[in-house]
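This report refers to the structure that appears directly beneath it.
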Amino acid sequence: MTKTINFSNEGEINSSRVRVAVYNRIDFELPENIWHEIDFGFAECWNNEIGLRGWVHEGQIESFISKHLKKKRIIFDFEKVERIVGIIFEYIQMTGGFLKG
């Protein structure tokens, strides 16, 4: 059984603050162009996949971003995508209670 997380539909996520949180907590290089694609992929999944149901399955956003990067012909480790998404989730949780449960 996969883990699911329920997201509140209230409020907005400040992309520039998320970026700072990510860059402050990673210990690997993340070129700006790749960050922009990861940020775009996260937003697309958040708004168009999760936003429709309010639920996300564990690994769903990471997989969405990874597929998005492949479509853009960008090679980037899946484990790094997982780490970045984890930081984004933690940021959202710490800054406004966007996560429920």
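To be explicit about the labels: the chains of the structure tokens are called A, B, and onward in the order shown, and within each one the residues are counted from 1, while ligands get numbers from 1 in the order they are shown.
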Residue neighbourhood range 23-38 of chain A, 9 Å, only C-alpha atoms, exclusion window fewer than 3 positions, as an MDAnalysis selection string: chainID A and resid 18:20 41:43 65:66 68:69 72 74 76 80:81 83:85 87
With N, CA, C and O atoms retained, write the just-selected residues as a PDB file, in the first residue's frame.
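result_29.pdb written:
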ATOM      1  N   VAL A  18      11.119  28.941  -1.730  1.00  0.00           N
ATOM      2  CA  VAL A  18      11.373  27.499  -1.838  1.00  0.00           C
ATOM      3  C   VAL A  18      12.759  27.273  -2.425  1.00  0.00           C
ATOM      4  O   VAL A  18      13.517  26.428  -1.959  1.00  0.00           O
ATOM      5  N   ARG A  19      13.095  28.044  -3.451  1.00  0.00           N
ATOM      6  CA  ARG A  19      14.409  27.933  -4.090  1.00  0.00           C
ATOM      7  C   ARG A  19      15.521  28.141  -3.060  1.00  0.00           C
ATOM      8  O   ARG A  19      16.476  27.369  -3.003  1.00  0.00           O
ATOM      9  N   VAL A  20      15.405  29.182  -2.248  1.00  0.00           N
ATOM     10  CA  VAL A  20      16.409  29.465  -1.222  1.00  0.00           C
ATOM     11  C   VAL A  20      16.507  28.294  -0.249  1.00  0.00           C
ATOM     12  O   VAL A  20      17.608  27.853   0.103  1.00  0.00           O
ATOM     13  N   GLY A  41       8.171  21.600 -13.069  1.00  0.00           N
ATOM     14  CA  GLY A  41       7.559  20.277 -12.964  1.00  0.00           C
ATOM     15  C   GLY A  41       6.777  20.118 -11.670  1.00  0.00           C
ATOM     16  O   GLY A  41       5.683  19.550 -11.655  1.00  0.00           O
ATOM     17  N   PHE A  42       7.339  20.609 -10.567  1.00  0.00           N
ATOM     18  CA  PHE A  42       6.636  20.548  -9.289  1.00  0.00           C
ATOM     19  C   PHE A  42       5.323  21.318  -9.381  1.00  0.00           C
ATOM     20  O   PHE A  42       4.271  20.826  -8.977  1.00  0.00           O
ATOM     21  N   ALA A  43       5.383  22.531  -9.920  1.00  0.00           N
ATOM     22  CA  ALA A  43       4.183  23.369 -10.030  1.00  0.00           C
ATOM     23  C   ALA A  43       3.133  22.721 -10.924  1.00  0.00           C
ATOM     24  O   ALA A  43       1.936  22.735 -10.602  1.00  0.00           O
ATOM     25  N   ILE A  65       8.312  14.900 -12.034  1.00  0.00           N
ATOM     26  CA  ILE A  65       9.456  15.763 -12.335  1.00  0.00           C
ATOM     27  C   ILE A  65      10.496  15.020 -13.151  1.00  0.00           C
ATOM     28  O   ILE A  65      11.043  15.550 -14.129  1.00  0.00           O
ATOM     29  N   SER A  66      10.779  13.791 -12.781  1.00  0.00           N
ATOM     30  CA  SER A  66      11.765  12.994 -13.511  1.00  0.00           C
ATOM     31  C   SER A  66      11.356  12.818 -14.975  1.00  0.00           C
ATOM     32  O   SER A  66      12.178  12.970 -15.889  1.00  0.00           O
ATOM     33  N   HIS A  68       9.368  14.822 -16.630  1.00  0.00           N
ATOM     34  CA  HIS A  68       9.462  16.154 -17.233  1.00  0.00           C
ATOM     35  C   HIS A  68      10.905  16.447 -17.656  1.00  0.00           C
ATOM     36  O   HIS A  68      11.148  16.940 -18.760  1.00  0.00           O
ATOM     37  N   LEU A  69      11.867  16.139 -16.780  1.00  0.00           N
ATOM     38  CA  LEU A  69      13.271  16.367 -17.104  1.00  0.00           C
ATOM     39  C   LEU A  69      13.705  15.535 -18.314  1.00  0.00           C
ATOM     40  O   LEU A  69      14.421  16.033 -19.186  1.00  0.00           O
ATOM     41  N   LYS A  72      12.664  17.019 -21.482  1.00  0.00           N
ATOM     42  CA  LYS A  72      13.514  18.169 -21.796  1.00  0.00           C
ATOM     43  C   LYS A  72      14.947  17.746 -22.113  1.00  0.00           C
ATOM     44  O   LYS A  72      15.808  18.586 -22.309  1.00  0.00           O
ATOM     45  N   ILE A  74      17.104  16.322 -20.099  1.00  0.00           N
ATOM     46  CA  ILE A  74      17.980  16.663 -18.982  1.00  0.00           C
ATOM     47  C   ILE A  74      18.225  15.407 -18.162  1.00  0.00           C
ATOM     48  O   ILE A  74      17.278  14.758 -17.716  1.00  0.00           O
ATOM     49  N   PHE A  76      19.410  13.899 -14.780  1.00  0.00           N
ATOM     50  CA  PHE A  76      19.576  14.310 -13.390  1.00  0.00           C
ATOM     51  C   PHE A  76      19.182  13.135 -12.513  1.00  0.00           C
ATOM     52  O   PHE A  76      18.155  12.502 -12.742  1.00  0.00           O
ATOM     53  N   LYS A  80      18.428  12.750  -6.345  1.00  0.00           N
ATOM     54  CA  LYS A  80      18.520  14.191  -6.103  1.00  0.00           C
ATOM     55  C   LYS A  80      17.142  14.837  -6.236  1.00  0.00           C
ATOM     56  O   LYS A  80      16.809  15.743  -5.468  1.00  0.00           O
ATOM     57  N   VAL A  81      16.365  14.379  -7.186  1.00  0.00           N
ATOM     58  CA  VAL A  81      14.989  14.870  -7.316  1.00  0.00           C
ATOM     59  C   VAL A  81      14.221  14.545  -6.042  1.00  0.00           C
ATOM     60  O   VAL A  81      13.503  15.400  -5.505  1.00  0.00           O
ATOM     61  N   ARG A  83      15.397  14.164  -3.044  1.00  0.00           N
ATOM     62  CA  ARG A  83      15.896  15.028  -1.964  1.00  0.00           C
ATOM     63  C   ARG A  83      15.299  16.424  -2.091  1.00  0.00           C
ATOM     64  O   ARG A  83      14.861  17.015  -1.104  1.00  0.00           O
ATOM     65  N   ILE A  84      15.271  16.960  -3.294  1.00  0.00           N
ATOM     66  CA  ILE A  84      14.734  18.300  -3.522  1.00  0.00           C
ATOM     67  C   ILE A  84      13.250  18.346  -3.186  1.00  0.00           C
ATOM     68  O   ILE A  84      12.790  19.272  -2.498  1.00  0.00           O
ATOM     69  N   VAL A  85      12.498  17.359  -3.629  1.00  0.00           N
ATOM     70  CA  VAL A  85      11.061  17.326  -3.337  1.00  0.00           C
ATOM     71  C   VAL A  85      10.838  17.187  -1.832  1.00  0.00           C
ATOM     72  O   VAL A  85       9.946  17.825  -1.267  1.00  0.00           O
ATOM     73  N   ILE A  87      12.726  18.394   0.506  1.00  0.00           N
ATOM     74  CA  ILE A  87      12.975  19.721   1.069  1.00  0.00           C
ATOM     75  C   ILE A  87      11.777  20.633   0.812  1.00  0.00           C
ATOM     76  O   ILE A  87      11.359  21.392   1.694  1.00  0.00           O
TER      77      ILE A  87
END
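Checking A:Phe40, A:Asn47, A:Ser63, A:Asn14 one by one against Glu79 in chain A, counting only C-alpha atoms, you find the shortest gap at A:Ser63.
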Would you mind reading off the distance between CA of Ser16 in chain A and CA of Asn48 in chain A, one decimal, in Å? 20.4 Å
